[in-house]
$ cat start38.pdb   # PDB, C-alpha atoms
ATOM      1  CA  MET R  76       0.000   0.000   0.000
ATOM      2  CA  THR R  77       1.422   3.391  -1.112
ATOM      3  CA  ARG R  78       1.222   6.405   1.293
ATOM      4  CA  ARG R  79       1.050   9.961  -0.067
ATOM      5  CA  ALA R  80       2.782  12.821   1.854
ATOM      6  CA  PHE R  81       4.275  16.281   1.390
ATOM      7  CA  THR R  82       7.926  16.473   0.634
ATOM      8  CA  LEU R  83      10.008  18.881   2.695
ATOM      9  CA  ILE R  84      10.313  21.238  -0.258
ATOM     10  CA  GLU R  85       6.547  21.262  -0.821
ATOM     11  CA  LEU R  86       5.976  21.989   2.868
ATOM     12  CA  LEU R  87       8.427  24.885   2.793
ATOM     13  CA  VAL R  88       6.730  26.297  -0.305
ATOM     14  CA  VAL R  89       3.335  26.148   1.413
ATOM     15  CA  ILE R  90       4.751  27.861   4.516
ATOM     16  CA  ALA R  91       6.316  30.570   2.355
ATOM     17  CA  ILE R  92       3.020  31.183   0.548
ATOM     18  CA  ILE R  93       1.160  31.450   3.871
ATOM     19  CA  ALA R  94       3.776  33.897   5.192
ATOM     20  CA  VAL R  95       3.392  36.058   2.088
ATOM     21  CA  LEU R  96      -0.402  36.015   2.415
ATOM     22  CA  ILE R  97      -0.174  37.004   6.088
ATOM     23  CA  GLY R  98       2.238  39.802   5.185
ATOM     24  CA  LEU R  99      -0.255  41.094   2.634
ATOM     25  CA  LEU R 100      -3.240  40.652   4.928
ATOM     26  CA  LEU R 101      -1.939  42.320   8.103
ATOM     27  CA  PRO R 102      -1.633  45.862   6.675
ATOM     28  CA  ALA R 103      -5.115  45.527   5.218
ATOM     29  CA  VAL R 104      -6.489  44.415   8.587
ATOM     30  CA  GLN R 105      -4.705  47.298  10.319
ATOM     31  CA  LYS R 106      -6.160  49.768   7.833
ATOM     32  CA  VAL R 107      -9.657  48.398   8.397
ATOM     33  CA  ARG R 108      -9.207  48.620  12.169
ATOM     34  CA  GLU R 109      -7.930  52.188  11.964
ATOM     35  CA  ALA R 110     -10.789  53.172   9.660
ATOM     36  CA  ALA R 111     -13.248  51.762  12.193
ATOM     37  CA  ALA R 112     -11.441  53.504  15.085
ATOM     38  CA  ARG R 113     -11.388  56.803  13.228
ATOM     39  CA  SER R 114     -15.089  56.510  12.481
ATOM     40  CA  ALA R 115     -15.825  55.783  16.154
ATOM     41  CA  CYS R 116     -13.637  58.734  17.223
ATOM     42  CA  SER R 117     -15.461  61.016  14.783
ATOM     43  CA  ASN R 118     -18.770  59.863  16.225
ATOM     44  CA  ASN R 119     -17.545  60.530  19.779
ATOM     45  CA  LEU R 120     -16.544  64.076  18.879
ATOM     46  CA  LYS R 121     -19.864  64.658  17.155
ATOM     47  CA  GLN R 122     -21.725  63.448  20.250
ATOM     48  CA  VAL R 123     -19.718  65.807  22.454
ATOM     49  CA  ALA R 124     -20.378  68.739  20.088
ATOM     50  CA  LEU R 125     -24.109  67.950  19.956
ATOM     51  CA  ALA R 126     -24.103  67.718  23.760
ATOM     52  CA  ALA R 127     -22.667  71.244  23.872
ATOM     53  CA  HIS R 128     -25.485  72.443  21.597
ATOM     54  CA  ASN R 129     -28.111  70.716  23.742
ATOM     55  CA  TYR R 130     -26.585  72.336  26.818
ATOM     56  CA  ASP R 131     -26.904  75.715  25.104
ATOM     57  CA  ALA R 132     -30.536  74.981  24.245
ATOM     58  CA  THR R 133     -31.252  74.213  27.903
ATOM     59  CA  ALA R 134     -29.063  76.752  29.722
ATOM     60  CA  GLY R 135     -29.096  79.575  27.178
ATOM     61  CA  ALA R 136     -25.329  79.471  26.618
ATOM     62  CA  PHE R 137     -22.552  76.983  26.024
ATOM     63  CA  ALA R 138     -21.040  75.419  29.128
ATOM     64  CA  PRO R 139     -18.148  77.281  30.781
ATOM     65  CA  GLY R 140     -14.797  75.995  29.617
ATOM     66  CA  ALA R 141     -13.500  75.622  33.168
ATOM     67  CA  LEU R 142     -14.238  76.668  36.738
ATOM     68  CA  LEU R 143     -10.934  78.093  37.902
ATOM     69  CA  LEU R 144      -9.859  81.186  39.813
ATOM     70  CA  THR R 145     -10.414  84.600  38.241
ATOM     71  CA  THR R 146      -8.458  87.827  38.493
ATOM     72  CA  ALA R 147      -9.672  91.361  38.054
ATOM     73  CA  SER R 148      -8.774  91.210  34.377
ATOM     74  CA  GLY R 149     -11.005  88.208  33.797
ATOM     75  CA  THR R 150      -8.178  85.766  33.156
ATOM     76  CA  TYR R 151      -7.449  82.898  35.534
ATOM     77  CA  THR R 152      -4.569  81.502  37.519
ATOM     78  CA  SER R 153      -3.793  78.241  39.256
ATOM     79  CA  ALA R 154      -3.069  79.857  42.630
ATOM     80  CA  SER R 155      -5.002  77.511  44.904
ATOM     81  CA  VAL R 156      -6.900  74.333  44.085
ATOM     82  CA  ALA R 157      -8.677  74.535  47.442
ATOM     83  CA  THR R 158     -10.711  77.635  46.604
ATOM     84  CA  HIS R 159     -12.187  76.818  43.193
ATOM     85  CA  GLN R 160     -13.944  73.836  41.681
ATOM     86  CA  GLY R 161     -11.278  73.007  39.128
ATOM     87  CA  ALA R 162     -13.919  71.358  36.929
ATOM     88  CA  GLY R 163     -13.367  71.295  33.184
ATOM     89  CA  THR R 164     -15.787  71.461  30.273
ATOM     90  CA  LEU R 165     -17.027  67.885  30.060
ATOM     91  CA  PRO R 166     -18.687  67.514  33.506
ATOM     92  CA  HIS R 167     -21.310  70.025  32.337
ATOM     93  CA  LEU R 168     -22.189  67.778  29.404
ATOM     94  CA  LEU R 169     -22.596  64.447  31.202
ATOM     95  CA  ALA R 170     -26.394  64.400  31.049
ATOM     96  CA  TYR R 171     -26.252  65.120  27.313
ATOM     97  CA  VAL R 172     -23.983  62.183  26.423
ATOM     98  CA  GLU R 173     -26.215  59.617  28.159
ATOM     99  CA  GLN R 174     -24.225  59.766  31.402
ATOM    100  CA  GLY R 175     -27.026  60.989  33.654
ATOM    101  CA  ASN R 176     -26.097  58.445  36.318
ATOM    102  CA  VAL R 177     -22.545  59.820  36.480
ATOM    103  CA  ALA R 178     -23.953  63.365  36.612
ATOM    104  CA  THR R 179     -26.092  62.310  39.582
ATOM    105  CA  VAL R 180     -23.068  60.935  41.430
ATOM    106  CA  PHE R 181     -21.087  64.089  40.546
ATOM    107  CA  ALA R 182     -23.801  66.248  42.118
ATOM    108  CA  GLY R 183     -23.848  64.249  45.342
ATOM    109  CA  GLY R 184     -23.113  66.214  48.500
ATOM    110  CA  VAL R 185     -22.361  69.529  46.778
ATOM    111  CA  PRO R 186     -24.582  72.638  46.310
ATOM    112  CA  SER R 187     -27.032  72.499  43.416
ATOM    113  CA  ASP R 188     -25.139  75.320  41.698
ATOM    114  CA  TYR R 189     -21.726  73.698  42.182
ATOM    115  CA  LEU R 190     -21.042  73.824  38.425
ATOM    116  CA  SER R 191     -22.201  77.415  38.063
ATOM    117  CA  ALA R 192     -19.730  79.780  36.401
ATOM    118  CA  ARG R 193     -20.808  82.481  38.861
ATOM    119  CA  ARG R 194     -19.890  80.589  42.036
ATOM    120  CA  GLN R 195     -16.619  79.383  43.559
ATOM    121  CA  TYR R 196     -16.613  76.239  45.697
ATOM    122  CA  SER R 197     -13.915  73.828  46.805
ATOM    123  CA  HIS R 198     -12.180  71.552  44.332
ATOM    124  CA  VAL R 199     -13.746  68.526  42.628
ATOM    125  CA  LEU R 200     -11.386  66.156  44.445
ATOM    126  CA  TRP R 201     -12.161  67.773  47.800
ATOM    127  CA  ASN R 202     -15.790  66.576  47.568
ATOM    128  CA  ALA R 203     -16.897  62.932  47.733
ATOM    129  CA  GLY R 204     -19.558  63.025  45.009
ATOM    130  CA  PRO R 205     -17.522  64.788  42.295
ATOM    131  CA  ALA R 206     -14.353  62.893  43.277
ATOM    132  CA  THR R 207     -16.113  59.550  42.929
ATOM    133  CA  ALA R 208     -17.717  60.456  39.605
ATOM    134  CA  ALA R 209     -14.377  61.739  38.282
ATOM    135  CA  GLN R 210     -12.985  58.200  38.441
ATOM    136  CA  THR R 211     -15.555  56.865  35.973
ATOM    137  CA  ARG R 212     -14.342  55.609  32.613
ATOM    138  CA  ILE R 213     -16.605  57.101  29.937
ATOM    139  CA  LYS R 214     -16.256  55.473  26.532
ATOM    140  CA  THR R 215     -17.603  58.490  24.626
ATOM    141  CA  PHE R 216     -14.650  60.543  25.872
ATOM    142  CA  LEU R 217     -12.024  58.056  24.636
ATOM    143  CA  CYS R 218     -10.609  57.724  21.118
ATOM    144  CA  PRO R 219     -10.275  54.018  20.167
ATOM    145  CA  SER R 220      -6.906  54.735  18.507
ATOM    146  CA  ASP R 221      -5.568  56.230  21.742
ATOM    147  CA  GLY R 222      -4.614  52.782  22.950
ATOM    148  CA  ASP R 223      -2.216  53.692  25.757
ATOM    149  CA  ILE R 224      -4.365  56.345  27.436
ATOM    150  CA  GLU R 225      -5.291  54.037  30.303
ATOM    151  CA  ALA R 226      -1.602  53.379  30.956
ATOM    152  CA  ALA R 227      -1.043  57.029  31.886
ATOM    153  CA  GLN R 228      -0.083  57.281  35.539
ATOM    154  CA  ASN R 229      -1.196  60.883  36.023
ATOM    155  CA  ALA R 230      -4.410  62.591  34.956
ATOM    156  CA  ALA R 231      -3.704  66.227  34.147
ATOM    157  CA  TRP R 232      -5.415  69.416  33.073
ATOM    158  CA  PRO R 233      -4.171  72.545  31.241
ATOM    159  CA  VAL R 234      -4.110  75.885  33.031
ATOM    160  CA  VAL R 235      -3.148  79.304  31.674
ATOM    161  CA  ASP R 236      -1.123  80.941  34.452
ATOM    162  CA  VAL R 237      -1.148  84.725  34.610
ATOM    163  CA  ALA R 238       1.569  86.478  36.596
ATOM    164  CA  GLY R 239       3.249  89.850  36.233
ATOM    165  CA  GLY R 240       1.319  90.637  33.078
ATOM    166  CA  SER R 241       2.603  87.566  31.215
ATOM    167  CA  ALA R 242       1.019  84.197  30.642
ATOM    168  CA  ARG R 243       2.141  80.618  30.214
ATOM    169  CA  LEU R 244       0.445  77.299  29.674
ATOM    170  CA  ALA R 245       0.958  74.836  32.517
ATOM    171  CA  ARG R 246       0.050  71.183  32.927
ATOM    172  CA  TRP R 247      -1.159  70.457  36.431
ATOM    173  CA  TYR R 248      -1.807  66.976  37.732
ATOM    174  CA  PHE R 249      -2.544  64.884  40.775
ATOM    175  CA  GLY R 250      -0.328  61.939  41.578
ATOM    176  CA  PRO R 251      -1.471  58.763  43.373
ATOM    177  CA  PRO R 252      -4.015  57.859  44.472
ATOM    178  CA  TYR R 253      -6.007  60.184  42.222
ATOM    179  CA  GLY R 254      -3.808  60.327  39.127
ATOM    180  CA  PRO R 255      -4.099  56.711  37.961
ATOM    181  CA  ALA R 256      -7.713  56.463  39.108
ATOM    182  CA  LEU R 257      -9.206  59.498  37.364
ATOM    183  CA  GLY R 258     -11.175  58.888  34.171
ATOM    184  CA  LYS R 259      -9.342  60.083  31.080
ATOM    185  CA  THR R 260     -10.404  61.930  27.934
ATOM    186  CA  SER R 261      -9.019  62.126  24.409
ATOM    187  CA  TYR R 262     -10.966  65.327  23.705
ATOM    188  CA  LEU R 263     -10.624  68.886  24.974
ATOM    189  CA  ALA R 264     -12.547  72.062  24.295
ATOM    190  CA  VAL R 265     -10.782  74.643  22.113
ATOM    191  CA  GLY R 266      -9.786  77.717  24.133
ATOM    192  CA  GLY R 267      -8.809  80.064  21.320
ATOM    193  CA  TYR R 268      -5.359  81.619  21.077
ATOM    194  CA  ALA R 269      -4.740  82.237  24.782
ATOM    195  CA  ASP R 270      -8.044  81.539  26.542
ATOM    196  CA  ALA R 271      -9.647  84.809  27.746
ATOM    197  CA  ILE R 272      -6.345  86.697  28.010
ATOM    198  CA  MET R 273      -6.806  88.006  24.460
ATOM    199  CA  PRO R 274     -10.610  88.331  24.191
ATOM    200  CA  GLN R 275     -10.636  88.981  20.447
ATOM    201  CA  TYR R 276      -9.062  85.570  19.851
ATOM    202  CA  ALA R 277     -10.867  83.661  22.622
ATOM    203  CA  GLY R 278     -12.456  80.311  21.904
ATOM    204  CA  LEU R 279     -16.028  79.239  22.494
ATOM    205  CA  PHE R 280     -14.862  77.782  25.820
ATOM    206  CA  THR R 281     -12.733  79.747  28.281
ATOM    207  CA  ASN R 282     -12.596  80.038  32.042
ATOM    208  CA  ARG R 283     -16.129  80.694  33.382
ATOM    209  CA  SER R 284     -17.333  81.586  29.879
ATOM    210  CA  ALA R 285     -20.950  81.805  28.710
ATOM    211  CA  VAL R 286     -20.852  82.225  24.932
ATOM    212  CA  THR R 287     -24.210  81.626  23.258
ATOM    213  CA  LEU R 288     -24.871  79.839  19.999
ATOM    214  CA  GLY R 289     -26.462  83.023  18.698
ATOM    215  CA  GLN R 290     -23.338  85.042  19.457
ATOM    216  CA  ALA R 291     -21.077  82.510  17.748
ATOM    217  CA  THR R 292     -23.332  82.347  14.704
ATOM    218  CA  ALA R 293     -23.472  86.134  14.352
ATOM    219  CA  ALA R 294     -19.698  86.528  14.741
ATOM    220  CA  ASP R 295     -17.322  84.266  12.774
ATOM    221  CA  GLY R 296     -19.982  81.590  12.295
ATOM    222  CA  THR R 297     -20.097  78.102  13.774
ATOM    223  CA  SER R 298     -18.756  76.457  10.600
ATOM    224  CA  GLN R 299     -15.679  78.737  10.909
ATOM    225  CA  THR R 300     -14.982  77.936  14.562
ATOM    226  CA  LEU R 301     -13.359  74.918  16.187
ATOM    227  CA  MET R 302     -15.228  73.559  19.213
ATOM    228  CA  PHE R 303     -13.489  70.360  20.440
ATOM    229  CA  GLY R 304     -10.353  68.556  19.320
ATOM    230  CA  GLU R 305      -8.239  65.509  20.037
ATOM    231  CA  ALA R 306      -5.538  66.035  22.653
ATOM    232  CA  LEU R 307      -3.133  63.577  24.285
ATOM    233  CA  GLY R 308      -1.664  65.300  27.341
ATOM    234  CA  ASP R 309       1.772  63.884  26.479
ATOM    235  CA  PRO R 310       3.979  63.509  23.400
ATOM    236  CA  GLU R 311       2.529  61.215  20.751
ATOM    237  CA  THR R 312       5.455  58.805  20.928
ATOM    238  CA  GLY R 313       7.346  57.360  23.874
ATOM    239  CA  THR R 314       6.122  56.107  27.235
ATOM    240  CA  ARG R 315       2.756  57.607  28.131
ATOM    241  CA  GLN R 316       2.911  59.317  31.523
ATOM    242  CA  TYR R 317       0.074  61.837  31.363
ATOM    243  CA  ALA R 318      -3.445  61.949  29.969
ATOM    244  CA  TRP R 319      -6.122  64.593  30.385
ATOM    245  CA  SER R 320      -8.783  64.069  33.047
ATOM    246  CA  TRP R 321     -12.325  64.507  31.694
ATOM    247  CA  ALA R 322     -13.467  65.918  35.028
ATOM    248  CA  LEU R 323     -10.697  68.504  35.365
ATOM    249  CA  ALA R 324      -9.440  69.372  31.885
ATOM    250  CA  GLY R 325     -10.667  72.685  30.589
ATOM    251  CA  PRO R 326     -10.013  74.292  27.197
ATOM    252  CA  LEU R 327      -6.662  73.992  25.458
ATOM    253  CA  PRO R 328      -5.323  77.180  23.795
ATOM    254  CA  THR R 329      -3.523  77.206  20.455
ATOM    255  CA  ALA R 330      -0.872  79.798  21.354
ATOM    256  CA  TRP R 331       1.682  77.454  22.882
ATOM    257  CA  GLY R 332       1.571  74.290  20.836
ATOM    258  CA  GLY R 333      -0.651  74.168  17.775
ATOM    259  CA  ILE R 334      -0.426  70.513  16.723
ATOM    260  CA  PRO R 335       3.099  69.533  17.886
ATOM    261  CA  ALA R 336       5.401  67.002  16.247
ATOM    262  CA  ALA R 337       5.147  63.406  17.436
ATOM    263  CA  THR R 338       8.489  63.489  19.246
ATOM    264  CA  ASP R 339       8.149  66.988  20.720
ATOM    265  CA  PRO R 340       8.832  66.627  24.480
ATOM    266  CA  ASN R 341       6.359  69.471  25.021
ATOM    267  CA  GLY R 342       3.765  67.748  22.879
ATOM    268  CA  TRP R 343       1.256  67.984  25.704
ATOM    269  CA  ASN R 344       0.742  71.697  25.061
ATOM    270  CA  GLY R 345      -1.118  71.287  21.783
ATOM    271  CA  PHE R 346      -3.776  69.231  20.085
ATOM    272  CA  GLY R 347      -2.933  65.785  18.730
ATOM    273  CA  GLY R 348      -3.969  62.169  18.460
ATOM    274  CA  LYS R 349      -2.943  58.692  17.365
ATOM    275  CA  HIS R 350      -4.618  58.581  13.939
ATOM    276  CA  PRO R 351      -2.063  58.356  11.103
ATOM    277  CA  GLY R 352      -1.663  61.728   9.430
ATOM    278  CA  VAL R 353      -4.662  63.540  10.886
ATOM    279  CA  VAL R 354      -6.175  65.033  14.036
ATOM    280  CA  LEU R 355      -9.950  65.226  14.408
ATOM    281  CA  PHE R 356     -11.819  68.386  15.399
ATOM    282  CA  ALA R 357     -15.512  69.105  15.968
ATOM    283  CA  MET R 358     -16.645  72.419  14.515
ATOM    284  CA  GLY R 359     -19.096  74.795  16.159
ATOM    285  CA  ASP R 360     -21.873  73.579  13.857
ATOM    286  CA  GLY R 361     -21.418  69.986  15.056
ATOM    287  CA  GLY R 362     -19.565  68.751  11.987
ATOM    288  CA  VAL R 363     -16.331  66.789  12.421
ATOM    289  CA  ARG R 364     -13.308  67.613  10.246
ATOM    290  CA  THR R 365      -9.785  66.238   9.930
ATOM    291  CA  ALA R 366      -6.766  68.520  10.280
ATOM    292  CA  ARG R 367      -3.277  67.769   9.069
ATOM    293  CA  LYS R 368      -0.788  66.775  11.753
ATOM    294  CA  TYR R 369       2.275  68.571  13.090
ATOM    295  CA  VAL R 370       1.175  72.153  12.493
ATOM    296  CA  THR R 371       3.422  74.574  14.371
ATOM    297  CA  GLY R 372       4.042  77.401  11.922
ATOM    298  CA  GLY R 373       3.236  79.021   8.614
ATOM    299  CA  THR R 374      -0.197  79.387   7.039
ATOM    300  CA  PRO R 375      -1.596  76.118   8.510
ATOM    301  CA  TYR R 376      -0.801  77.309  12.044
ATOM    302  CA  THR R 377      -2.229  80.776  11.387
ATOM    303  CA  THR R 378      -5.366  79.087  10.090
ATOM    304  CA  LEU R 379      -5.578  76.977  13.251
ATOM    305  CA  VAL R 380      -5.298  80.086  15.426
ATOM    306  CA  TYR R 381      -8.048  81.965  13.599
ATOM    307  CA  LEU R 382     -10.346  78.940  13.513
ATOM    308  CA  SER R 383      -9.847  78.496  17.270
ATOM    309  CA  GLY R 384     -11.407  81.918  17.981
ATOM    310  CA  TRP R 385     -15.099  82.660  17.592
ATOM    311  CA  ARG R 386     -15.014  86.442  17.096
ATOM    312  CA  ASP R 387     -11.685  87.401  15.540
ATOM    313  CA  GLY R 388     -13.449  88.521  12.372
ATOM    314  CA  VAL R 389     -11.033  86.736  10.046
ATOM    315  CA  ASN R 390     -12.490  84.508   7.332
ATOM    316  CA  VAL R 391      -9.721  82.036   6.536
ATOM    317  CA  ASP R 392      -9.251  79.409   3.852
ATOM    318  CA  GLN R 393      -9.832  76.247   5.857
ATOM    319  CA  SER R 394      -8.152  74.067   3.217
ATOM    320  CA  ALA R 395      -4.770  75.246   4.526
ATOM    321  CA  LEU R 396      -5.441  73.124   7.635
ATOM    322  CA  LEU R 397      -8.568  71.016   7.281
ATOM    323  CA  ASN R 398      -9.201  68.204   4.838
TER     324      ASN R 398
END

$ encode --input "start38.pdb" --output "structure tokens"
Amino acid sequence: MTRRAFTLIELLVVIAIIAVLIGLLLPAVQKVREAAARSACSNNLKQVALAAHNYDATAGAFAPGALLLTTASGTYTSASVATHQGAGTLPHLLAYVEQGNVATVFAGGVPSDYLSARRQYSHVLWNAGPATAAQTRIKTFLCPSDGDIEAAQNAAWPVVDVAGGSARLARWYFGPPYGPALGKTSYLAVGGYADAIMPQYAGLFTNRSAVTLGQATAADGTSQTLMFGEALGDPETGTRQYAWSWALAGPLPTAWGGIPAATDPNGWNGFGGKHPGVVLFAMGDGGVRTARKYVTGGTPYTTLVYLSGWRDGVNVDQSALLN
């Protein structure tokens, strides 16, 4: 009786063919996965932008960008976390992104107007209800391509410091036990050029702001104004140490970073994400657009600056930045 079998050469040929097929298939699979992740990220940003519009419809103005200290000039500092809420933009929108249960926990044990732009109360992490809610992982606030965000050991938030008539962007954070435990976000509100320090170039969201949809429409127009964008809180490459906290992170200005290069050690100070070649932004009209990456100068950066403000009066060619 004769037995049939593969020869060694035939087996090696089959293995080689399989290896080639896998080599051809893997990039295609990665592209499909990234396309799905980018679509999900775009949907997240759209939901956040629509939540901001629904907040405006209910409250009569967009949510304040942050609840930090104010000075006589209307700008804010980071002087003392004990005497202001420290809440960012996203806590105001919880009920509008189907997170009413988290909003209920956030409101536990604090005054009913705790998130009011007109009141100052103690910090989010000084109060049990807000501190507990702040540790919630909210999928809508996370970009699927931002795979290492949960590995960040410190949850941070951007603050524009004002001292001696000058300003700088600072990244403040809490270490353990809060840092690793705080829920993260891949999206921040757009604060304009330098938050409220230069009112003409302010974004829709600044410290204790109350810009209305009507005002934004009558000024530059919502389709000409950036509302939310992807932001990492750390350089795009390398070990991830920081990520923005959804409960604490307010608006990010465009004056100090733009869209930094992937290896920029100060990459936290601008917008950015993990999608190849693009960063996603939600416009004031709720539409989501892609911007080219690594924009730190020239016409693309100037375009980013003007699009980040809602009343600068400059009608720019968006194609210099947006796809």

$ resolve_selection --input "start38.pdb" --expression "the PyMOL selection byres ((chain R and resi 194) around 10)" --output "PyMOL selection string"
chain R and resi 142+159-160+188-193+195-196+283

$ residues_around --input "start38.pdb" --residues "Glu173 in chain R" --least-positions-apart "3" --cutoff "10 Å" --atoms "all atoms listed in the file" --output "PyMOL selection string"
chain R and resi 122+126+168-170+176-178+215

$ write_last_selection --input "start38.pdb" --atoms "C-alpha atoms" --output "PDB file, keeping the file's coordinate frame"
ATOM      1  CA  GLN R 122     -21.725  63.448  20.250  1.00  0.00           C
ATOM      2  CA  ALA R 126     -24.103  67.718  23.760  1.00  0.00           C
ATOM      3  CA  LEU R 168     -22.189  67.778  29.404  1.00  0.00           C
ATOM      4  CA  LEU R 169     -22.596  64.447  31.202  1.00  0.00           C
ATOM      5  CA  ALA R 170     -26.394  64.400  31.049  1.00  0.00           C
ATOM      6  CA  ASN R 176     -26.097  58.445  36.318  1.00  0.00           C
ATOM      7  CA  VAL R 177     -22.545  59.820  36.480  1.00  0.00           C
ATOM      8  CA  ALA R 178     -23.953  63.365  36.612  1.00  0.00           C
ATOM      9  CA  THR R 215     -17.603  58.490  24.626  1.00  0.00           C
TER      10      THR R 215
END

$ closest_residue --input "start38.pdb" --among "R:Gly304, R:Gly222, R:Gly98, R:Gly325" --to "Ala162 in chain R" --atoms "all atoms listed in the file"
R:Gly325

$ closest_residue --input "start38.pdb" --among "R:Val234, R:Val172, R:Ala203, R:Leu120" --to "Leu143 in chain R" --atoms "all atoms listed in the file"
R:Val234

$ residues_around --input "start38.pdb" --residues "Pro274 in chain R" --least-positions-apart "5" --cutoff "12 Å" --atoms "all atoms listed in the file" --output "list in words"
Ser148, Gly149, Thr150, Gly266, Gly267, Tyr268, Ala269, Leu279, Phe280, Thr281, Asn282, Ser284, Val286, Gly384, Trp385, Arg386 and Asp387 of chain R

$ resolve_selection --input "start38.pdb" --expression "the PyMOL selection byres ((chain R and resi 356) around 12)" --output "MDAnalysis selection string"
chainID R and resid 113 116:121 123:124 261:265 298:306 334 346:348 353:355 357:368 379 382:383 396:398

$ write_last_selection --input "start38.pdb" --atoms "C-alpha atoms" --output "CSV table (one decimal), in the frame of the given file"
chain,number,residue,atom,x,y,z
R,113,ARG,CA,-11.4,56.8,13.2
R,116,CYS,CA,-13.6,58.7,17.2
R,117,SER,CA,-15.5,61.0,14.8
R,118,ASN,CA,-18.8,59.9,16.2
R,119,ASN,CA,-17.5,60.5,19.8
R,120,LEU,CA,-16.5,64.1,18.9
R,121,LYS,CA,-19.9,64.7,17.2
R,123,VAL,CA,-19.7,65.8,22.5
R,124,ALA,CA,-20.4,68.7,20.1
R,261,SER,CA,-9.0,62.1,24.4
R,262,TYR,CA,-11.0,65.3,23.7
R,263,LEU,CA,-10.6,68.9,25.0
R,264,ALA,CA,-12.5,72.1,24.3
R,265,VAL,CA,-10.8,74.6,22.1
R,298,SER,CA,-18.8,76.5,10.6
R,299,GLN,CA,-15.7,78.7,10.9
R,300,THR,CA,-15.0,77.9,14.6
R,301,LEU,CA,-13.4,74.9,16.2
R,302,MET,CA,-15.2,73.6,19.2
R,303,PHE,CA,-13.5,70.4,20.4
R,304,GLY,CA,-10.4,68.6,19.3
R,305,GLU,CA,-8.2,65.5,20.0
R,306,ALA,CA,-5.5,66.0,22.7
R,334,ILE,CA,-0.4,70.5,16.7
R,346,PHE,CA,-3.8,69.2,20.1
R,347,GLY,CA,-2.9,65.8,18.7
R,348,GLY,CA,-4.0,62.2,18.5
R,353,VAL,CA,-4.7,63.5,10.9
R,354,VAL,CA,-6.2,65.0,14.0
R,355,LEU,CA,-10.0,65.2,14.4
R,357,ALA,CA,-15.5,69.1,16.0
R,358,MET,CA,-16.6,72.4,14.5
R,359,GLY,CA,-19.1,74.8,16.2
R,360,ASP,CA,-21.9,73.6,13.9
R,361,GLY,CA,-21.4,70.0,15.1
R,362,GLY,CA,-19.6,68.8,12.0
R,363,VAL,CA,-16.3,66.8,12.4
R,364,ARG,CA,-13.3,67.6,10.2
R,365,THR,CA,-9.8,66.2,9.9
R,366,ALA,CA,-6.8,68.5,10.3
R,367,ARG,CA,-3.3,67.8,9.1
R,368,LYS,CA,-0.8,66.8,11.8
R,379,LEU,CA,-5.6,77.0,13.3
R,382,LEU,CA,-10.3,78.9,13.5
R,383,SER,CA,-9.8,78.5,17.3
R,396,LEU,CA,-5.4,73.1,7.6
R,397,LEU,CA,-8.6,71.0,7.3
R,398,ASN,CA,-9.2,68.2,4.8

$ closest_residue --input "start38.pdb" --among "R:Leu307, R:Leu86, R:Ala209, R:Leu323" --to "Ala227 in chain R" --atoms "only C-alpha atoms"
R:Leu307

$ closest_residue --input "start38.pdb" --among "R:Gly161, R:Pro251, R:Gly184, R:Pro328" --to "Ile272 in chain R" --atoms "only C-alpha atoms"
R:Pro328

$ residues_near_point --input "start38.pdb" --point "(-0.4, 82.4, 10.6)" --cutoff "12 Å" --atoms "all atoms listed in the file" --output "ChimeraX atom specification"
/R:268,329-330,333,370-382,389,391-392,395-396

$ atom_distance --input "start38.pdb" --atom1 "CA of Asp270 in chain R" --atom2 "CA of Gly204 in chain R"
28.6 Å

$ closest_residue --input "start38.pdb" --among "R:Ala293, R:Leu99, R:Val88, R:Ala322" --to "Gly388 in chain R" --atoms "all atoms listed in the file"
R:Ala293

$ atom_distance --input "start38.pdb" --atom1 "CA of Gly163 in chain R" --atom2 "CA of Pro310 in chain R"
21.4 Å

$ closest_residue --input "start38.pdb" --among "R:Gly254, R:Ala285, R:Asp221, R:Trp343" --to "Glu109 in chain R" --atoms "only C-alpha atoms"
R:Asp221
